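Asks: data08.cif is the file, holding mmCIF, C-alpha atoms:
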data_coords
loop_
_atom_site.label_atom_id
_atom_site.label_comp_id
_atom_site.auth_asym_id
_atom_site.auth_seq_id
_atom_site.Cartn_x
_atom_site.Cartn_y
_atom_site.Cartn_z
CA LYS L 1 0.00 0.00 0.00
CA MET L 2 1.30 3.48 -0.94
CA LYS L 3 2.06 5.59 2.12
CA GLN L 4 0.00 8.72 2.67
CA VAL L 5 1.31 12.16 3.59
CA PHE L 6 -1.37 14.64 4.69
CA ILE L 7 -0.94 18.42 4.59
CA CYS L 8 -3.35 20.24 6.90
CA GLY L 9 -3.44 24.01 7.06
CA ASP L 10 -4.49 27.33 5.60
CA SER L 11 -3.63 29.09 2.33
CA PHE L 12 0.13 28.70 2.85
CA GLY L 13 -0.33 24.99 2.13
CA THR L 14 -2.79 25.24 -0.74
CA HIS L 15 -2.48 24.49 -4.44
CA ASP L 16 -3.20 27.27 -6.93
CA PRO L 17 -4.24 26.01 -10.39
CA GLU L 18 -3.06 29.21 -12.06
CA TYR L 19 0.47 28.57 -10.77
CA SER L 20 0.70 24.89 -11.57
CA ASN L 21 3.41 22.83 -9.86
CA GLU L 22 5.18 25.87 -8.37
CA SER L 23 4.09 25.63 -4.75
CA TRP L 24 6.06 23.60 -2.22
CA THR L 25 3.13 21.23 -1.80
CA ASP L 26 3.04 20.50 -5.54
CA GLN L 27 6.83 20.04 -5.61
CA LEU L 28 6.69 17.75 -2.57
CA SER L 29 4.04 15.62 -4.25
CA VAL L 30 6.30 15.17 -7.29
CA LYS L 31 9.34 14.36 -5.13
CA LEU L 32 7.42 11.70 -3.20
CA ILE L 33 5.75 10.16 -6.23
CA ASN L 34 7.54 6.82 -5.84
CA ASN L 35 7.28 6.73 -2.04
CA ALA L 36 3.97 8.27 -0.98
CA SER L 37 0.84 10.03 -2.14
CA VAL L 38 0.27 13.55 -0.85
CA ILE L 39 -3.27 14.37 0.30
CA ASN L 40 -3.61 18.12 0.73
CA LEU L 41 -6.53 19.23 2.91
CA SER L 42 -5.31 22.84 3.30
CA ARG L 43 -7.83 25.55 2.46
CA VAL L 44 -7.64 29.27 1.81
CA CYS L 45 -8.63 31.23 4.93
CA ALA L 46 -8.95 28.10 7.09
CA SER L 47 -9.31 28.80 10.80
CA ASN L 48 -7.53 26.77 13.46
CA LEU L 49 -10.81 24.97 14.12
CA HIS L 50 -11.10 24.15 10.41
CA ILE L 51 -7.50 22.88 10.42
CA ALA L 52 -8.26 20.76 13.51
CA LEU L 53 -11.00 19.04 11.52
CA GLN L 54 -8.48 18.38 8.72
CA ILE L 55 -6.15 16.75 11.27
CA ASP L 56 -9.01 14.59 12.59
CA THR L 57 -9.54 13.34 9.04
CA ALA L 58 -5.82 12.63 8.52
CA ILE L 59 -5.67 10.64 11.77
CA ALA L 60 -8.86 8.71 10.90
CA LYS L 61 -7.39 7.88 7.48
CA LYS L 62 -4.29 6.46 9.26
CA ALA L 63 -1.85 8.90 7.68
CA ASP L 64 1.81 7.88 7.61
CA PHE L 65 3.00 11.47 8.07
CA ILE L 66 1.21 14.76 8.78
CA ILE L 67 2.35 18.33 8.12
CA TYR L 68 0.37 20.60 10.44
CA LEU L 69 0.24 24.32 9.61
CA ALA L 70 -1.45 26.57 12.18
CA THR L 71 -2.90 29.99 11.43
CA SER L 72 -3.84 33.29 13.06
CA SER L 73 -6.49 33.79 15.73
CA THR L 74 -8.59 36.20 13.65
CA ARG L 75 -10.48 33.38 11.94
CA GLU L 76 -13.70 31.58 12.75
CA VAL L 77 -16.16 29.09 11.25
CA VAL L 78 -19.78 30.19 10.82
CA LYS L 79 -22.95 29.23 8.98
CA LEU L 80 -22.99 30.51 5.39
CA ARG L 81 -26.40 29.25 4.29
CA PRO L 82 -29.24 27.27 5.90
CA ILE L 83 -28.95 24.08 3.81
CA LYS L 84 -27.20 21.20 5.66
CA GLN L 85 -26.41 18.27 3.34
CA HIS L 86 -23.34 16.69 4.97
CA LYS L 87 -22.98 15.11 8.41
CA GLN L 88 -19.24 15.51 8.89
CA LEU L 89 -18.24 19.02 9.91
CA LEU L 90 -15.21 19.14 7.60
CA ASN L 91 -17.36 18.28 4.59
CA ARG L 92 -19.78 21.06 5.53
CA ILE L 93 -17.08 23.77 5.19
CA VAL L 94 -16.88 25.36 1.75
CA ASP L 95 -13.68 25.62 -0.25
CA ILE L 96 -13.91 29.32 -1.10
CA THR L 97 -11.71 28.84 -4.18
CA ASN L 98 -14.02 26.16 -5.59
CA PRO L 99 -17.41 26.67 -3.94
CA THR L 100 -20.39 24.35 -4.22
CA HIS L 101 -23.93 24.82 -2.95
CA THR L 102 -23.82 21.57 -0.98
CA THR L 103 -21.78 23.19 1.80
CA ASP L 104 -23.33 25.34 4.52
CA LEU L 105 -20.37 26.50 6.66
CA THR L 106 -17.38 28.73 5.91
CA SER L 107 -14.12 29.76 7.51
CA TYR L 108 -13.37 33.47 7.37
CA SER L 109 -10.99 36.05 8.75
CA TYR L 110 -12.35 39.26 10.22
CA ALA L 111 -9.29 40.91 8.65
CA SER L 112 -10.60 40.12 5.15
CA LEU L 113 -14.33 40.62 5.19
CA ASN L 114 -14.54 41.60 1.54
CA ASN L 115 -15.31 40.26 -1.93
CA THR L 116 -12.89 37.31 -1.52
CA THR L 117 -15.47 35.73 0.79
CA LEU L 118 -18.77 34.12 -0.18
CA PHE L 119 -20.87 36.27 2.16
CA ASN L 120 -23.54 38.50 0.72
CA ASN L 121 -23.57 42.22 1.54
CA THR L 122 -26.00 41.81 4.43
CA GLN L 123 -23.89 39.07 6.00
CA LEU L 124 -20.70 41.12 5.54
CA LEU L 125 -22.28 44.13 7.25
CA LEU L 126 -23.49 42.00 10.18
CA LEU L 127 -20.08 40.36 10.62
CA LYS L 128 -18.27 43.70 10.49
CA GLN L 129 -20.65 45.09 13.11
CA TYR L 130 -20.25 42.00 15.27
CA HIS L 131 -16.45 42.14 15.24
CA SER L 132 -16.25 45.89 15.85
CA GLU L 133 -18.59 45.52 18.82
CA PHE L 134 -17.69 42.18 20.43
CA PHE L 135 -14.39 40.72 19.21
CA ASP L 136 -11.51 40.59 21.72
CA ILE L 137 -8.10 39.47 20.43
CA ASP L 138 -6.87 38.19 23.81
CA VAL L 139 -9.88 35.90 24.13
CA ALA L 140 -9.41 34.74 20.54
CA VAL L 141 -5.71 33.97 21.07
CA TYR L 142 -6.43 31.88 24.18
CA ASN L 143 -9.26 30.07 22.41
CA ASN L 144 -6.98 29.25 19.48
CA GLN L 145 -4.16 28.21 21.81
CA LEU L 146 -6.50 25.63 23.35
CA ILE L 147 -7.51 24.36 19.89
CA ILE L 148 -3.88 23.96 18.80
CA GLU L 149 -2.84 22.28 22.06
CA SER L 150 -5.71 19.83 21.66
CA VAL L 151 -4.63 19.02 18.10
CA LEU L 152 -0.98 18.54 19.11
CA SER L 153 -2.07 16.22 21.94
CA LYS L 154 -4.20 14.17 19.52
CA LEU L 155 -1.30 13.91 17.09
CA VAL L 156 1.09 12.67 19.79
CA ASP L 157 -1.49 10.12 20.97
CA SER L 158 -1.97 8.91 17.39
CA ASN L 159 1.73 7.93 17.10
CA ILE L 160 1.69 9.29 13.54
CA PRO L 161 4.93 11.14 12.69
CA PHE L 162 4.23 14.84 12.18
CA LEU L 163 5.79 18.29 11.98
CA PHE L 164 4.12 21.43 13.32
CA ASP L 165 4.50 24.92 11.85
CA GLN L 166 3.06 27.54 14.22
CA GLY L 167 2.45 29.69 11.14
CA GLY L 168 0.29 32.71 11.83
CA PHE L 169 -0.58 31.83 15.41
CA GLU L 170 0.98 34.70 17.38
CA HIS L 171 3.60 35.15 14.69
CA ARG L 172 6.62 37.18 15.80
CA SER L 173 5.70 39.97 13.36
CA PHE L 174 2.55 40.68 15.39
CA LEU L 175 2.70 43.34 18.08
CA ASN L 176 3.67 41.98 21.54
CA SER L 177 3.98 38.41 20.26
CA SER L 178 6.52 36.02 21.72
CA PRO L 179 6.10 32.75 19.81
CA MET L 180 8.38 30.67 22.01
CA LYS L 181 6.06 30.83 25.01
CA TYR L 182 3.56 28.59 23.26
CA PHE L 183 3.53 24.79 22.91
CA LYS L 184 6.94 24.17 24.52
CA LYS L 185 5.84 20.67 25.49
CA TYR L 186 5.68 19.84 21.77
CA SER L 187 8.94 21.51 20.70
CA ASN L 188 10.35 18.18 19.44
CA PHE L 189 7.69 18.28 16.72
CA PHE L 190 8.32 21.87 15.56
CA SER L 191 9.17 22.38 11.92
CA ASP L 192 12.35 24.36 11.28
CA ILE L 193 10.30 26.42 8.81
CA ASN L 194 7.58 28.96 9.54
CA LEU L 195 5.90 29.72 6.23
CA TRP L 196 4.63 33.10 7.45
CA ASP L 197 8.27 34.25 7.86
CA PHE L 198 8.57 34.59 4.08
CA VAL L 199 5.89 37.25 3.73
CA ILE L 200 6.72 39.62 6.61
CA ASN L 201 6.41 43.28 5.56
CA GLN L 202 5.10 42.32 2.12
CA PRO L 203 1.70 43.50 0.86
CA GLN L 204 -0.59 40.48 0.85
CA THR L 205 -2.25 39.66 -2.46
CA TYR L 206 -5.03 37.13 -2.92
CA ARG L 207 -3.20 35.21 -5.68
CA PRO L 208 -1.27 33.05 -5.67
CA TYR L 209 -3.30 31.53 -2.86
CA TYR L 210 -0.15 30.30 -1.10
CA HIS L 211 1.30 33.87 -0.93
CA ILE L 212 5.03 33.05 -1.22
CA LYS L 213 6.03 34.16 -4.73
CA ASP L 214 9.68 33.04 -4.88
CA ILE L 215 9.74 29.56 -6.42
CA SER L 216 13.25 28.90 -5.05
CA ILE L 217 11.81 29.25 -1.51
CA HIS L 218 9.12 26.73 -2.37
CA THR L 219 11.82 24.34 -3.57
CA LYS L 220 13.74 24.69 -0.29
CA ILE L 221 10.56 24.04 1.70
CA ALA L 222 9.70 20.98 -0.42
CA ASN L 223 13.23 19.62 0.01
CA TYR L 224 13.07 20.14 3.77
CA TYR L 225 9.81 18.22 4.19
CA TYR L 226 10.88 15.55 1.69
CA ASN L 227 14.04 14.81 3.70
CA LYS L 228 12.10 14.76 6.98
CA ILE L 229 9.50 12.36 5.58
CA ILE L 230 11.99 10.03 3.90
CA ASN L 231 14.28 9.91 6.95
#
Would you kindly transcribe this structure into structure tokens?
Replies:
Amino acid sequence: KMKQVFICGDSFGTHDPEYSNESWTDQLSVKLINNASVINLSRVCASNLHIALQIDTAIAKKADFIIYLATSSTREVVKLRPIKQHKQLLNRIVDITNPTHTTDLTSYSYASLNNTTLFNNTQLLLLKQYHSEFFDIDVAVYNNQLIIESVLSKLVDSNIPFLFDQGGFEHRSFLNSSPMKYFKKYSNFFSDINLWDFVINQPQTYRPYYHIKDISIHTKIANYYYNKIIN
């Protein structure tokens, strides 16, 4: 049986069809072609809860290796439309780059409540009002810390080899962030690469979905994970 490598995360792990085979995930898939199949569950704008559901799927599918990319605390999962057709939560969340009307939930970031989402104008206005009135970043960070700690604990209990990239969770570029105070218990599983490091102080564009535009960086990332998986 071919081994399975799962990639679980946000846009930094996604494929972009307009930039075929350039991203590190595409390159990794090619490098592993004789050793393992790469199953990429990463989604644009995924929240840490959304990513946790991806990890649950990877564990249930008995993955042979998991790459876990965390994200920022400004993201949530909410109901997009009232039609519920799937039972599993992960299957209910829309892929905003390839939407279907069979999904009723969506991840979103309050930092990008705009036309890149699938919300209608009324929903966007309500969400903007909600966040301006009620959102507290300290509460959100603690909530997301608990989600990530739960996922890391599940991964350790699963005995599946994995690497964890803290990504946008309290990234060092954020004001008053000190990334090393989080998840010390799991430091043996930390990736040497934080994908968010490559876009600090750069204006963020929607495309390519995976944000990092230098193909040579993608090659280095693919090589890093390839060597970790093979060894």
Asks: Just checking: using all atoms listed in the file, which residue out of L:Ile160, L:Ala52, L:Ile93, L:Ile59 ends up closest to Leu146 of chain L?
Replies: L:Ala52
Asks: Which of these, L:Ile193, L:Val5, L:Ile137, L:Leu105, has the shortest distance to Phe164 of chain L once you count all atoms listed in the file?
Replies: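 The closest residue to Phe164 of chain L is L:Ile193.
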Asks: Considering all atoms listed in the file, state which residue in the set L:Lys220, L:Asn231, L:Val141, L:Asp64 is at the smallest distance from Leu28 of chain L.
Replies: L:Lys220
Asks: Which one of L:Glu76, L:Asp56, L:Asp16, L:Asp214 sits closest to Phe135 of chain L if you count all atoms listed in the file?
Replies: L:Glu76
Asks: Assuming the chain letters and numbering stay as they are in my file, what does the PyMOL selection byres ((chain L and resi 67-72) around 8) actually select? List them as a ChimeraX atom specification.
Replies: /L:5-10,13,46-48,51,55,65-66,73-75,148,162-171
Asks: Applying 12 Å and all atoms listed in the file, which residues near Val78 of chain L remain after dropping the ones on its own chain fewer than 3 positions away? List them as number ranges by chain.
Replies: L: 46-47, 49-50, 75, 81-82, 89, 92-94, 103-110, 118-119, 123, 127
Asks: Which residues match the PyMOL selection byres ((chain L and resi 98) around 12) in the file above, as a PDB file with C-alpha atoms, keeping the file's coordinate frame?
Replies:
ATOM      1  CA  HIS L  15      -2.480  24.490  -4.440  1.00  0.00           C
ATOM      2  CA  ASP L  16      -3.200  27.270  -6.930  1.00  0.00           C
ATOM      3  CA  PRO L  17      -4.240  26.010 -10.390  1.00  0.00           C
ATOM      4  CA  ARG L  43      -7.830  25.550   2.460  1.00  0.00           C
ATOM      5  CA  VAL L  44      -7.640  29.270   1.810  1.00  0.00           C
ATOM      6  CA  ILE L  93     -17.080  23.770   5.190  1.00  0.00           C
ATOM      7  CA  VAL L  94     -16.880  25.360   1.750  1.00  0.00           C
ATOM      8  CA  ASP L  95     -13.680  25.620  -0.250  1.00  0.00           C
ATOM      9  CA  ILE L  96     -13.910  29.320  -1.100  1.00  0.00           C
ATOM     10  CA  THR L  97     -11.710  28.840  -4.180  1.00  0.00           C
ATOM     11  CA  PRO L  99     -17.410  26.670  -3.940  1.00  0.00           C
ATOM     12  CA  THR L 100     -20.390  24.350  -4.220  1.00  0.00           C
ATOM     13  CA  HIS L 101     -23.930  24.820  -2.950  1.00  0.00           C
ATOM     14  CA  THR L 102     -23.820  21.570  -0.980  1.00  0.00           C
ATOM     15  CA  THR L 103     -21.780  23.190   1.800  1.00  0.00           C
ATOM     16  CA  THR L 116     -12.890  37.310  -1.520  1.00  0.00           C
ATOM     17  CA  THR L 117     -15.470  35.730   0.790  1.00  0.00           C
ATOM     18  CA  LEU L 118     -18.770  34.120  -0.180  1.00  0.00           C
TER      19      LEU L 118
END
Asks: Between L:Ser11, L:Tyr19, L:Ala63, L:Lys184, which is the closest to Ala36 of chain L once you count only C-alpha atoms?
Replies: L:Ala63
Asks: For the file shown, what are the residues hit by the PyMOL selection byres ((chain L and resi 212) around 7), laid out as JSON, numbers by chain?
Replies: {"L": [198, 199, 210, 211, 213, 214]}
